[in-house]
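For reference, run.txt is printed below; it contains compact mmCIF, C-alpha atoms and all ligand atoms.
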# COMPACT_ATOMS: atom_id res chain seq x y z
CA MET C 1 -22.09 77.45 13.77
CA THR C 2 -25.01 75.07 13.32
CA ARG C 3 -27.09 75.08 10.15
CA THR C 4 -30.02 76.23 12.29
CA GLN C 5 -28.13 79.25 13.61
CA GLU C 6 -26.82 80.14 10.17
CA LEU C 7 -30.30 80.12 8.62
CA ILE C 8 -31.81 82.06 11.53
CA ASP C 9 -29.06 84.70 11.29
CA ILE C 10 -29.69 85.27 7.58
CA SER C 11 -33.46 85.26 8.09
CA GLU C 12 -33.20 87.86 10.85
CA ARG C 13 -30.81 90.06 8.85
CA ARG C 14 -32.65 89.87 5.55
CA SER C 15 -36.33 89.82 6.54
CA ALA C 16 -38.52 92.39 8.24
CA HIS C 17 -38.99 91.61 11.92
CA ASN C 18 -42.77 91.42 11.72
CA TYR C 19 -42.69 88.03 13.48
CA HIS C 20 -40.70 86.70 16.42
CA PRO C 21 -40.33 82.99 15.58
CA LEU C 22 -39.14 80.32 17.96
CA PRO C 23 -35.57 79.21 17.16
CA VAL C 24 -36.30 76.17 15.01
CA VAL C 25 -35.83 75.78 11.24
CA ILE C 26 -38.30 73.29 9.81
CA HIS C 27 -37.40 71.17 6.83
CA GLU C 28 -40.24 68.69 6.36
CA ALA C 29 -43.44 67.48 7.93
CA HIS C 30 -45.94 64.62 7.75
CA GLY C 31 -49.17 64.33 9.66
CA ALA C 32 -48.64 65.93 13.06
CA TRP C 33 -44.84 65.63 13.06
CA VAL C 34 -42.26 68.08 11.69
CA THR C 35 -38.50 67.62 11.26
CA ASP C 36 -35.96 70.44 11.48
CA VAL C 37 -32.77 70.92 9.44
CA GLU C 38 -30.75 69.08 12.10
CA GLY C 39 -33.02 66.04 11.90
CA ASN C 40 -34.80 66.71 15.22
CA ARG C 41 -38.50 65.80 15.29
CA TYR C 42 -41.27 67.82 16.93
CA LEU C 43 -44.97 67.35 17.40
CA ASP C 44 -46.81 70.29 15.83
CA PHE C 45 -49.17 71.78 18.39
CA LEU C 46 -49.91 74.95 16.44
CA SER C 47 -50.94 73.66 12.97
CA GLY C 48 -50.11 76.94 11.25
CA TYR C 49 -52.67 78.71 13.45
CA SER C 50 -55.28 76.09 12.46
CA SER C 51 -54.37 76.06 8.76
CA LEU C 52 -53.22 72.45 9.04
CA ASN C 53 -56.33 70.91 10.61
CA PHE C 54 -56.01 67.90 8.27
CA GLY C 55 -52.31 67.42 8.96
CA HIS C 56 -49.13 68.10 7.03
CA GLY C 57 -49.07 66.42 3.63
CA ASN C 58 -52.59 65.05 3.91
CA GLU C 59 -52.76 62.34 1.26
CA LYS C 60 -56.13 63.33 -0.23
CA ILE C 61 -55.26 67.02 -0.35
CA ILE C 62 -51.81 66.49 -1.84
CA GLU C 63 -53.22 64.09 -4.40
CA ALA C 64 -55.81 66.66 -5.49
CA ALA C 65 -53.15 69.40 -5.62
CA GLN C 66 -50.71 67.28 -7.63
CA LYS C 67 -53.35 66.28 -10.14
CA GLN C 68 -54.40 69.90 -10.55
CA LEU C 69 -50.79 71.06 -10.91
CA GLN C 70 -50.51 68.84 -13.99
CA ASN C 71 -53.72 70.11 -15.55
CA LEU C 72 -54.35 73.78 -14.90
CA THR C 73 -53.24 76.24 -12.24
CA LEU C 74 -54.54 79.67 -13.24
CA THR C 75 -57.11 81.18 -15.53
CA SER C 76 -58.02 84.41 -13.72
CA ARG C 77 -61.73 85.01 -13.31
CA ALA C 78 -61.93 86.26 -16.89
CA PHE C 79 -62.92 82.70 -17.76
CA TYR C 80 -64.62 79.79 -16.03
CA HIS C 81 -62.60 76.68 -15.16
CA ASP C 82 -63.71 73.17 -14.36
CA GLN C 83 -62.95 73.21 -10.60
CA PHE C 84 -64.92 76.36 -9.85
CA ALA C 85 -68.50 75.09 -9.99
CA GLN C 86 -67.83 72.21 -7.61
CA PHE C 87 -65.98 74.49 -5.18
CA CYS C 88 -68.78 77.04 -4.98
CA ALA C 89 -71.58 74.47 -4.88
CA GLY C 90 -69.71 72.31 -2.36
CA LEU C 91 -68.81 75.15 -0.03
CA GLY C 92 -72.31 76.55 -0.42
CA ASP C 93 -73.77 73.20 0.63
CA LEU C 94 -71.33 72.90 3.54
CA THR C 95 -72.39 76.32 4.85
CA GLY C 96 -76.01 76.01 3.77
CA LYS C 97 -75.68 79.22 1.76
CA ASP C 98 -76.64 80.08 -1.82
CA MET C 99 -73.42 81.76 -2.92
CA ILE C 100 -69.66 81.89 -2.44
CA LEU C 101 -67.18 84.67 -3.11
CA PRO C 102 -63.65 83.19 -3.16
CA MET C 103 -60.52 85.14 -2.21
CA ASN C 104 -57.05 84.05 -1.05
CA THR C 105 -56.06 85.21 2.43
CA GLY C 106 -58.25 85.54 5.48
CA ALA C 107 -57.86 89.32 5.60
CA GLU C 108 -59.14 89.56 2.02
CA ALA C 109 -62.22 87.56 2.93
CA VAL C 110 -62.85 89.85 5.92
CA GLU C 111 -62.48 92.88 3.63
CA THR C 112 -64.94 91.20 1.26
CA ALA C 113 -67.48 90.73 4.04
CA ILE C 114 -67.10 94.39 5.06
CA LYS C 115 -67.65 95.60 1.49
CA VAL C 116 -70.64 93.31 0.98
CA ALA C 117 -72.21 94.42 4.28
CA ARG C 118 -71.80 98.09 3.38
CA LYS C 119 -73.24 97.65 -0.10
CA TRP C 120 -76.11 95.59 1.33
CA GLY C 121 -76.67 98.38 3.85
CA TYR C 122 -77.01 101.04 1.15
CA GLN C 123 -78.84 99.03 -1.49
CA VAL C 124 -81.09 96.76 0.56
CA LYS C 125 -81.42 98.23 4.05
CA GLY C 126 -81.55 101.80 2.74
CA VAL C 127 -78.84 103.42 4.86
CA ALA C 128 -77.96 106.96 3.71
CA PRO C 129 -74.74 107.25 1.65
CA ASP C 130 -71.50 106.87 3.65
CA ARG C 131 -73.34 106.46 6.95
CA ALA C 132 -72.95 102.68 7.42
CA ASN C 133 -71.35 101.40 10.60
CA ILE C 134 -70.25 97.91 11.59
CA ILE C 135 -70.07 96.72 15.18
CA VAL C 136 -66.86 94.86 16.06
CA MET C 137 -65.42 93.42 19.28
CA GLU C 138 -62.65 94.40 21.66
CA ASP C 139 -59.55 92.21 21.31
CA ASN C 140 -60.67 91.11 17.84
CA PHE C 141 -58.30 89.68 15.28
CA HIS C 142 -59.45 89.82 11.65
CA GLY C 143 -56.17 90.33 9.79
CA ARG C 144 -53.65 93.01 8.90
CA THR C 145 -54.98 95.30 6.17
CA THR C 146 -55.27 99.03 6.85
CA THR C 147 -59.07 98.87 7.16
CA ILE C 148 -59.01 95.85 9.46
CA ILE C 149 -56.34 97.21 11.79
CA SER C 150 -58.33 100.44 11.95
CA PHE C 151 -60.66 98.67 14.39
CA SER C 152 -58.05 96.59 16.23
CA THR C 153 -57.66 97.27 19.95
CA ASP C 154 -54.16 95.74 19.99
CA PRO C 155 -51.69 98.68 20.03
CA ASP C 156 -49.06 96.67 18.09
CA ALA C 157 -51.53 95.92 15.30
CA HIS C 158 -53.07 99.41 15.27
CA ASP C 159 -50.73 102.19 16.34
CA ASP C 160 -48.85 104.38 13.83
CA PHE C 161 -50.69 102.95 10.83
CA GLY C 162 -53.27 105.73 10.51
CA PRO C 163 -55.16 107.52 9.15
CA TYR C 164 -57.74 104.89 9.94
CA THR C 165 -60.83 103.70 8.09
CA PRO C 166 -63.94 105.05 9.83
CA GLY C 167 -67.26 103.25 10.20
CA PHE C 168 -66.62 100.80 13.03
CA LYS C 169 -67.91 100.72 16.61
CA ILE C 170 -65.95 98.64 19.09
CA VAL C 171 -67.87 96.92 21.90
CA LYS C 172 -67.03 94.45 24.66
CA TYR C 173 -66.76 90.83 23.47
CA GLY C 174 -69.24 88.45 25.06
CA SER C 175 -71.82 91.11 25.94
CA ALA C 176 -75.07 91.05 23.95
CA GLU C 177 -76.12 94.13 25.89
CA ALA C 178 -73.13 96.08 24.53
CA ILE C 179 -74.23 95.26 20.97
CA ARG C 180 -77.81 96.29 21.72
CA GLU C 181 -76.60 99.65 23.01
CA ALA C 182 -74.27 100.29 20.08
CA ILE C 183 -76.72 99.43 17.28
CA ASP C 184 -78.33 102.36 15.53
CA ALA C 185 -80.32 102.86 12.32
CA ASP C 186 -77.09 102.97 10.28
CA THR C 187 -75.68 99.69 11.59
CA VAL C 188 -75.27 97.21 8.74
CA ALA C 189 -73.41 94.35 10.43
CA VAL C 190 -72.03 92.80 13.58
CA LEU C 191 -68.64 91.18 12.91
CA VAL C 192 -67.69 88.58 15.49
CA GLU C 193 -65.28 85.69 16.02
CA PRO C 194 -67.37 82.86 17.55
CA ILE C 195 -64.24 82.12 19.62
CA GLN C 196 -61.47 84.73 19.75
CA GLY C 197 -58.32 82.83 18.74
CA GLU C 198 -55.55 85.41 18.78
CA ALA C 199 -56.93 86.98 21.96
CA GLY C 200 -56.15 83.68 23.72
CA VAL C 201 -58.89 81.26 22.63
CA LEU C 202 -61.60 83.23 24.44
CA VAL C 203 -64.92 81.39 24.45
CA PRO C 204 -67.87 83.76 24.93
CA PRO C 205 -70.56 83.03 27.55
CA ASP C 206 -73.12 80.33 26.65
CA GLY C 207 -75.97 81.76 24.65
CA TYR C 208 -73.98 84.79 23.44
CA LEU C 209 -73.95 83.81 19.77
CA ARG C 210 -77.65 83.02 19.90
CA GLN C 211 -78.30 86.45 21.38
CA VAL C 212 -76.19 88.11 18.70
CA ARG C 213 -78.24 86.24 16.09
CA GLU C 214 -81.53 87.38 17.68
CA ILE C 215 -80.42 91.01 17.90
CA CYS C 216 -79.20 91.04 14.30
CA THR C 217 -82.46 89.53 13.06
CA ALA C 218 -84.58 91.94 15.09
CA GLU C 219 -82.59 95.00 13.99
CA ASN C 220 -82.16 94.01 10.31
CA VAL C 221 -78.38 93.85 10.69
CA LEU C 222 -76.12 91.19 9.14
CA MET C 223 -74.43 88.77 11.51
CA ILE C 224 -70.96 88.07 10.12
CA ALA C 225 -69.04 85.20 11.73
CA ASP C 226 -65.28 85.17 11.19
CA GLU C 227 -64.73 81.38 11.29
CA ILE C 228 -61.27 81.60 9.72
CA GLN C 229 -59.58 80.05 12.77
CA SER C 230 -62.56 78.53 14.63
CA GLY C 231 -64.16 76.81 11.66
CA LEU C 232 -63.66 73.67 9.57
CA GLY C 233 -63.56 71.07 12.32
CA ARG C 234 -61.29 72.67 14.89
CA THR C 235 -63.89 72.91 17.66
CA GLY C 236 -65.54 69.55 16.97
CA LYS C 237 -68.17 71.02 14.64
CA THR C 238 -67.88 72.29 11.08
CA PHE C 239 -68.33 75.81 12.46
CA ALA C 240 -68.00 77.12 16.00
CA CYS C 241 -71.43 78.76 15.52
CA ASP C 242 -72.88 75.23 15.25
CA HIS C 243 -72.35 74.75 19.00
CA GLU C 244 -75.23 77.18 19.55
CA ASN C 245 -77.14 76.17 16.41
CA VAL C 246 -76.58 79.65 15.10
CA VAL C 247 -76.47 80.42 11.39
CA PRO C 248 -74.85 83.77 10.61
CA ASP C 249 -75.79 85.73 7.51
CA VAL C 250 -72.19 85.63 6.34
CA TYR C 251 -69.52 83.01 7.05
CA ILE C 252 -65.89 84.04 6.61
CA MET C 253 -63.53 81.12 6.00
CA GLY C 254 -59.82 80.79 5.38
CA LYS C 255 -56.81 79.03 6.91
CA ALA C 256 -57.71 75.29 6.83
CA LEU C 257 -59.77 75.82 3.65
CA GLY C 258 -56.40 75.83 1.85
CA GLY C 259 -55.48 72.44 3.31
CA GLY C 260 -52.09 73.76 4.39
CA VAL C 261 -51.11 73.93 0.72
CA VAL C 262 -52.26 77.26 -0.74
CA PRO C 263 -54.05 80.29 0.66
CA VAL C 264 -57.78 79.83 0.07
CA SER C 265 -60.45 82.01 1.65
CA ALA C 266 -64.08 82.72 0.93
CA ILE C 267 -67.26 84.20 2.23
CA ALA C 268 -70.59 82.41 2.01
CA ALA C 269 -73.98 84.12 2.09
CA ASN C 270 -77.42 83.94 0.53
CA GLN C 271 -78.46 85.59 -2.70
CA ASP C 272 -80.25 88.45 -0.89
CA VAL C 273 -76.87 89.51 0.58
CA LEU C 274 -74.10 88.40 -1.78
CA GLY C 275 -76.28 89.21 -4.77
CA VAL C 276 -75.50 92.92 -4.24
CA ILE C 277 -72.05 92.44 -5.80
CA GLN C 278 -71.97 92.98 -9.57
CA PRO C 279 -69.14 92.57 -12.12
CA GLY C 280 -66.22 94.91 -11.48
CA GLN C 281 -67.21 95.75 -7.91
CA HIS C 282 -64.92 93.27 -6.17
CA GLY C 283 -62.40 90.63 -7.13
CA SER C 284 -58.97 89.10 -7.01
CA THR C 285 -56.66 87.81 -9.76
CA PHE C 286 -55.93 84.64 -7.81
CA GLY C 287 -59.22 84.23 -5.92
CA GLY C 288 -60.95 81.00 -6.88
CA ASN C 289 -58.05 79.79 -9.05
CA PRO C 290 -58.05 76.16 -10.25
CA LEU C 291 -55.38 74.95 -7.83
CA ALA C 292 -57.08 76.67 -4.89
CA CYS C 293 -60.46 75.21 -5.86
CA ALA C 294 -59.06 71.68 -6.33
CA VAL C 295 -57.46 71.85 -2.87
CA GLY C 296 -60.62 73.40 -1.44
CA ASN C 297 -62.71 70.61 -2.97
CA ALA C 298 -60.53 67.99 -1.25
CA VAL C 299 -60.95 69.86 2.06
CA ILE C 300 -64.73 70.03 1.61
CA ASP C 301 -64.79 66.27 0.88
CA LEU C 302 -62.87 65.59 4.10
CA LEU C 303 -65.27 67.76 6.09
CA ASN C 304 -68.30 66.07 4.55
CA THR C 305 -67.22 62.73 6.05
CA GLY C 306 -67.74 64.22 9.53
CA GLU C 307 -64.69 62.25 10.64
CA PHE C 308 -62.61 65.27 11.59
CA GLN C 309 -65.37 66.96 13.55
CA ALA C 310 -65.91 63.74 15.54
CA ARG C 311 -62.20 63.28 16.08
CA ALA C 312 -61.72 66.87 17.29
CA THR C 313 -64.56 66.31 19.76
CA ARG C 314 -63.17 63.05 21.13
CA LEU C 315 -59.52 64.14 21.29
CA GLY C 316 -60.56 67.59 22.49
CA ASP C 317 -62.36 66.06 25.48
CA LEU C 318 -59.20 64.11 26.35
CA MET C 319 -57.03 67.19 25.91
CA HIS C 320 -59.21 69.43 28.07
CA ALA C 321 -59.51 66.77 30.79
CA ARG C 322 -55.70 66.53 30.93
CA LEU C 323 -55.23 70.31 30.82
CA ASN C 324 -57.72 70.82 33.63
CA GLU C 325 -55.56 68.59 35.84
CA LEU C 326 -52.80 71.21 35.46
CA VAL C 327 -54.94 74.02 36.84
CA GLY C 328 -53.47 74.98 40.20
CA HIS C 329 -50.17 73.38 39.19
CA GLY C 330 -48.63 76.28 37.32
CA VAL C 331 -51.70 76.80 35.13
CA VAL C 332 -54.22 79.48 36.10
CA THR C 333 -56.99 78.75 33.61
CA VAL C 334 -57.72 76.70 30.50
CA ARG C 335 -60.20 77.78 27.84
CA GLY C 336 -61.27 76.40 24.52
CA ARG C 337 -63.44 73.99 22.64
CA GLY C 338 -62.64 70.81 20.74
CA LEU C 339 -59.00 70.39 19.85
CA TRP C 340 -58.20 73.99 20.67
CA ALA C 341 -57.07 75.49 23.96
CA GLY C 342 -55.67 78.65 25.48
CA VAL C 343 -53.64 77.80 28.57
CA ASP C 344 -52.89 80.68 30.94
CA ILE C 345 -49.59 80.07 32.70
CA ASP C 346 -49.14 81.51 36.20
CA PRO C 347 -47.34 84.75 35.24
CA SER C 348 -45.16 84.56 38.35
CA LEU C 349 -43.64 81.36 36.95
CA ALA C 350 -43.02 82.05 33.28
CA SER C 351 -44.25 83.86 30.21
CA GLY C 352 -46.05 82.04 27.41
CA ARG C 353 -42.94 82.43 25.31
CA GLU C 354 -40.69 80.89 27.96
CA VAL C 355 -43.03 77.90 28.22
CA SER C 356 -43.13 77.62 24.40
CA LYS C 357 -39.32 77.59 24.33
CA ALA C 358 -39.20 74.91 27.02
CA LEU C 359 -41.73 72.91 24.98
CA LEU C 360 -39.55 73.28 21.90
CA ALA C 361 -36.62 71.76 23.80
CA LEU C 362 -38.91 68.85 24.74
CA GLY C 363 -40.03 68.27 21.14
CA VAL C 364 -43.34 70.13 20.95
CA LEU C 365 -44.08 73.19 18.80
CA ALA C 366 -46.54 75.61 20.39
CA LYS C 367 -46.79 79.38 20.39
CA ASP C 368 -47.63 81.97 22.99
CA THR C 369 -50.26 84.60 22.44
CA HIS C 370 -50.49 87.74 24.56
CA GLY C 371 -48.15 87.40 27.51
CA SER C 372 -48.87 84.38 29.62
CA THR C 373 -51.10 82.33 27.31
CA VAL C 374 -49.95 79.31 25.31
CA ARG C 375 -52.21 78.33 22.44
CA LEU C 376 -52.64 74.63 21.64
CA ALA C 377 -54.13 73.52 18.32
CA PRO C 378 -52.65 70.23 17.09
CA PRO C 379 -53.63 68.87 13.68
CA ILE C 380 -56.88 66.93 14.02
CA VAL C 381 -55.15 63.87 12.52
CA ILE C 382 -52.90 63.61 15.60
CA SER C 383 -52.96 60.19 17.31
CA GLU C 384 -54.30 59.91 20.84
CA GLU C 385 -50.93 58.62 21.99
CA ASP C 386 -49.04 61.58 20.51
CA LEU C 387 -51.58 64.00 21.93
CA MET C 388 -51.18 62.66 25.46
CA TRP C 389 -47.40 62.53 25.08
CA ALA C 390 -47.29 66.24 24.16
CA LEU C 391 -49.56 67.18 27.06
CA ASP C 392 -47.17 65.36 29.40
CA ARG C 393 -44.36 67.46 27.89
CA LEU C 394 -46.43 70.59 28.63
CA ALA C 395 -46.77 69.49 32.25
CA GLU C 396 -43.02 68.83 32.33
CA ALA C 397 -42.22 72.24 30.80
CA ILE C 398 -44.38 74.08 33.32
CA GLU C 399 -42.96 71.99 36.19
CA SER C 400 -39.45 73.07 35.17
CA PHE C 401 -40.31 76.65 36.17
CA ARG C 402 -41.72 75.69 39.60
C1 LIG C 501 -55.77 84.32 10.72
C2 LIG C 501 -57.04 85.06 10.87
C3 LIG C 501 -57.40 86.08 9.98
C4 LIG C 501 -56.48 86.57 8.88
O1 LIG C 501 -56.13 85.59 7.99
P1 LIG C 501 -54.84 85.80 7.04
O2 LIG C 501 -54.88 84.64 6.10
O3 LIG C 501 -53.63 85.80 7.93
O4 LIG C 501 -55.03 87.12 6.35
C5 LIG C 501 -58.63 86.69 10.15
N1 LIG C 501 -59.47 86.31 11.14
C6 LIG C 501 -59.15 85.34 12.00
C7 LIG C 501 -60.12 84.96 13.07
C8 LIG C 501 -57.92 84.69 11.92
O5 LIG C 501 -57.59 83.76 12.80
Starting from the coordinates I provided, produce the structure as structure tokens.
Ligand SMILES: *Cc1c(COP(=O)(O)O)cnc(C)c1O
Amino acid sequence: MTRTQELIDISERRSAHNYHPLPVVIHEAHGAWVTDVEGNRYLDFLSGYSSLNFGHGNEKIIEAAQKQLQNLTLTSRAFYHDQFAQFCAGLGDLTGKDMILPMNTGAEAVETAIKVARKWGYQVKGVAPDRANIIVMEDNFHGRTTTIISFSTDPDAHDDFGPYTPGFKIVKYGSAEAIREAIDADTVAVLVEPIQGEAGVLVPPDGYLRQVREICTAENVLMIADEIQSGLGRTGKTFACDHENVVPDVYIMGKALGGGVVPVSAIAANQDVLGVIQPGQHGSTFGGNPLACAVGNAVIDLLNTGEFQARATRLGDLMHARLNELVGHGVVTVRGRGLWAGVDIDPSLASGREVSKALLALGVLAKDTHGSTVRLAPPIVISEEDLMWALDRLAEAIESFR
């Protein structure tokens, strides 16, 4: 038995089956390339669902993490530490917001935004106790907590985990009209992914985010943008909302904020919103810890150069041009923005998983999402040559089913 098979067997026997990984056991990685336990190399076209925007083992991020590991790793929020001020000020400046509330995972940051919106609704907007509702989208993905899955429309994520948290109204994604119809006097927020990643990299119609912004402003409702997957350079801008020059009231960030090293998430908002939270009302033992902040500070520095946003734009244009050539040749449609694409494979040829497996055999790591879609999100540090090589492998993989 190979080492790979041995490790997969133990993993499958001894871990819950809450994921269905591709059959590869990764040992190390640098930049856009990963190596498995057999010594085979693969180009990473998933980037930990956009957590590795700056590449595996990014020098600046690792340097910051190593330095911090030597100095101080945890204080809890009972005390200040010397990485915290820079993290909050830096992330505040990056988002253009007054204040930051740091957490760890994406789901925790979404929960934070929900709590802040409700409290804002009662204390600032004047909604009657326990009446607040939040408008969310069909096919959303915001994480896995019991409250968040309460408003998921994916049966796998939702079913048999009730009783569910009330207070959410689900409307069609991409329709400003649907939001207008759903809003009532008790609505405190609209929670939206500027691009729906898990749903298959669904880009809403042009002008949608601007319309959401206008409706929220007119109705005195908070616009909350979940930029956990779409943000931090992936689409060619710092935030996907930037493509429509839209500034939400609350940004939710995660994934790449941790530089592929530690879980780091946060929400950013102005004082009139985030100021509603007082001591004891929300928190996390690990949220905003010194190691997380040091890594976050390195990530913010990288984003402030603008290099990654520009690179995602340039390489993204090349990627989409190449992908569009495959339409009609085993590919039905391609969606996305920047270095991020959802590729719908002709379902009569192969499933997304079958194509991902064929890609694995050709040396490219990608993952299917929802049936016939393959999601592509290489690290932004990928070279143009490697990018084009992997896209040729995608063409080859699809061709093998024709
Ligand atoms: C990944 C993701 C989350 C959840 O983040 P976790 O760190 O897995 O909890 C929430 N929203 C979006 C848009 C995501 O892509």
Practice item. Would you mind telling me which residue in C:Asp160, C:Glu399, C:Asp386, C:Glu219 lies nearest to C:Phe45 when using only C-alpha atoms? Key: C:Asp386
Practice item. Find the residues near ligand LIG 501 (chain C). Use a cut-off of 9 Å, count only C-alpha atoms and all ligand atoms, and write them as a count of residues only. Key: 35
Dump as JSON lines the rows for residues of stretch 149-216 of chain C within 9 Å of stretch 243-246 of chain C: closest atom pair and distance in Å with one decimal, only C-alpha atoms counted, ordered by chain and rising residue number.
{"residue": "C:Asp206", "atom": "CA", "partner": "C:Glu244", "partner_atom": "CA", "distance": 8.0}
{"residue": "C:Gly207", "atom": "CA", "partner": "C:Glu244", "partner_atom": "CA", "distance": 6.9}
{"residue": "C:Tyr208", "atom": "CA", "partner": "C:Glu244", "partner_atom": "CA", "distance": 8.6}
{"residue": "C:Leu209", "atom": "CA", "partner": "C:Glu244", "partner_atom": "CA", "distance": 6.8}
{"residue": "C:Arg210", "atom": "CA", "partner": "C:Val246", "partner_atom": "CA", "distance": 6.0}
{"residue": "C:Arg213", "atom": "CA", "partner": "C:Val246", "partner_atom": "CA", "distance": 6.9}
Practice item. In Å, rounded to a single decimal, give me how far atom CA of C:Ser150 is from atom CA of C:Lys125. Key: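 These atoms are spaced 24.5 Å apart.
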At most 7 Å from (-67.7, 84.8, -1.4), file frame, only C-alpha atoms: which residues, as a PDB file with C-alpha atoms, keeping the file's coordinate frame?
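Now in result.pdb:
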ATOM      1  CA  MET C  99     -73.420  81.760  -2.920  1.00  0.00           C
ATOM      2  CA  ILE C 100     -69.660  81.890  -2.440  1.00  0.00           C
ATOM      3  CA  LEU C 101     -67.180  84.670  -3.110  1.00  0.00           C
ATOM      4  CA  PRO C 102     -63.650  83.190  -3.160  1.00  0.00           C
ATOM      5  CA  ALA C 266     -64.080  82.720   0.930  1.00  0.00           C
ATOM      6  CA  ILE C 267     -67.260  84.200   2.230  1.00  0.00           C
ATOM      7  CA  ALA C 268     -70.590  82.410   2.010  1.00  0.00           C
TER       8      ALA C 268
END
Revision key, fill the gap. In Å and to one decimal, atom CA of C:Asp93 is distant from atom CA of C:Leu291 by 20.3 Å
Which polymer residues have any atom within 10 Å of an atom of C:Gln86, counting only C-alpha atoms, with same-chain residues fewer than 6 positions away left out, as a PDB file with C-alpha atoms, keeping the file's coordinate frame?
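Output contents, as saved in result01.pdb:
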ATOM      1  CA  GLY C  92     -72.310  76.550  -0.420  1.00  0.00           C
ATOM      2  CA  CYS C 293     -60.460  75.210  -5.860  1.00  0.00           C
ATOM      3  CA  ALA C 294     -59.060  71.680  -6.330  1.00  0.00           C
ATOM      4  CA  GLY C 296     -60.620  73.400  -1.440  1.00  0.00           C
ATOM      5  CA  ASN C 297     -62.710  70.610  -2.970  1.00  0.00           C
ATOM      6  CA  ILE C 300     -64.730  70.030   1.610  1.00  0.00           C
TER       7      ILE C 300
END
Exercise for review: Would you be able to write out as a list in words which residues have an atom within 8 Å of (-57.6, 67.4, 12.9) in the file's coordinates, counting all atoms listed in the file?
Suggested key: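 The distance filter leaves exactly Leu52, Asn53, Phe54, Gly55, Gly233, Arg234, Phe308, Gln309, Arg311, Ala312, Leu339, Pro378, Pro379, Ile380, Val381 and Ile382 of chain C.
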Excluding stretch 7-16 of chain C and residues on its chain fewer than 5 positions from it, collect all residues at most 12 Å away from it, counting all atoms listed in the file, and give them as a PDB file with C-alpha atoms, in the frame of the given file.
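Full text of around38.pdb as output:
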ATOM      1  CA  MET C   1     -22.090  77.450  13.770  1.00  0.00           C
ATOM      2  CA  THR C   2     -25.010  75.070  13.320  1.00  0.00           C
ATOM      3  CA  PRO C  21     -40.330  82.990  15.580  1.00  0.00           C
ATOM      4  CA  LEU C  22     -39.140  80.320  17.960  1.00  0.00           C
ATOM      5  CA  PRO C  23     -35.570  79.210  17.160  1.00  0.00           C
ATOM      6  CA  VAL C  24     -36.300  76.170  15.010  1.00  0.00           C
ATOM      7  CA  VAL C  25     -35.830  75.780  11.240  1.00  0.00           C
ATOM      8  CA  ILE C  26     -38.300  73.290   9.810  1.00  0.00           C
ATOM      9  CA  HIS C  27     -37.400  71.170   6.830  1.00  0.00           C
ATOM     10  CA  ASP C  36     -35.960  70.440  11.480  1.00  0.00           C
ATOM     11  CA  VAL C  37     -32.770  70.920   9.440  1.00  0.00           C
ATOM     12  CA  GLU C  38     -30.750  69.080  12.100  1.00  0.00           C
TER      13      GLU C  38
END
Point to revise | Residue nearest C:Gln68 - candidates C:Glu111, C:Pro290, C:Ile345, C:Ala350, atoms counted: all atoms listed in the file | key: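 Closest to C:Gln68, using all atoms listed in the file: C:Pro290.
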Practice item. May I have the residues within 9 Å of C:Val331 as JSON, numbers by chain, using all atoms listed in the file and disregarding those fewer than 3 positions away in the same chain? Key: {"C": [323, 324, 326, 327, 328, 334, 343, 344, 345, 346, 398]}
**Study point:** Non-local contacts of C:Arg131 (10 Å; only C-alpha atoms; under 4 positions in same chain excluded) as a ChimeraX atom specification
**Key:** /C:118,121-122,127,166-167,185-188
Write to file, as a compact mmCIF listing (two decimals), in the coordinates of the input, the residues of the selection just made, with C-alpha atoms.
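Saved to selection_34.txt:
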# COMPACT_ATOMS: atom_id res chain seq x y z
CA ARG C 118 -71.80 98.09 3.38
CA GLY C 121 -76.67 98.38 3.85
CA TYR C 122 -77.01 101.04 1.15
CA VAL C 127 -78.84 103.42 4.86
CA PRO C 166 -63.94 105.05 9.83
CA GLY C 167 -67.26 103.25 10.20
CA ALA C 185 -80.32 102.86 12.32
CA ASP C 186 -77.09 102.97 10.28
CA THR C 187 -75.68 99.69 11.59
CA VAL C 188 -75.27 97.21 8.74
Review point. Which distance in Å separates atom CA of C:Gly371 and atom CA of C:Arg337, to one decimal?
Key: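 Those two atoms sit 20.9 Å apart.
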Repaired coordinates for stretch 54-58 of chain C (N, CA, C and O atoms) as an mmCIF file, keeping the file's coordinate frame:
data_model
loop_
_atom_site.group_PDB
_atom_site.id
_atom_site.type_symbol
_atom_site.label_atom_id
_atom_site.label_comp_id
_atom_site.auth_asym_id
_atom_site.auth_seq_id
_atom_site.Cartn_x
_atom_site.Cartn_y
_atom_site.Cartn_z
ATOM 1 N N PHE C 54 -55.994 69.254 8.838
ATOM 2 C CA PHE C 54 -56.010 67.900 8.270
ATOM 3 C C PHE C 54 -54.618 67.294 8.210
ATOM 4 O O PHE C 54 -54.395 66.267 7.570
ATOM 5 N N GLY C 55 -53.661 67.956 8.860
ATOM 6 C CA GLY C 55 -52.310 67.420 8.960
ATOM 7 C C GLY C 55 -51.411 67.889 7.837
ATOM 8 O O GLY C 55 -51.874 68.322 6.776
ATOM 9 N N HIS C 56 -50.114 67.800 8.068
ATOM 10 C CA HIS C 56 -49.130 68.100 7.030
ATOM 11 C C HIS C 56 -49.186 66.997 5.981
ATOM 12 O O HIS C 56 -49.212 65.808 6.321
ATOM 13 N N GLY C 57 -49.159 67.407 4.715
ATOM 14 C CA GLY C 57 -49.070 66.420 3.630
ATOM 15 C C GLY C 57 -50.240 65.460 3.586
ATOM 16 O O GLY C 57 -50.070 64.301 3.199
ATOM 17 N N ASN C 58 -51.410 65.925 3.957
ATOM 18 C CA ASN C 58 -52.590 65.050 3.910
ATOM 19 C C ASN C 58 -52.723 64.421 2.517
ATOM 20 O O ASN C 58 -52.754 65.112 1.497
#
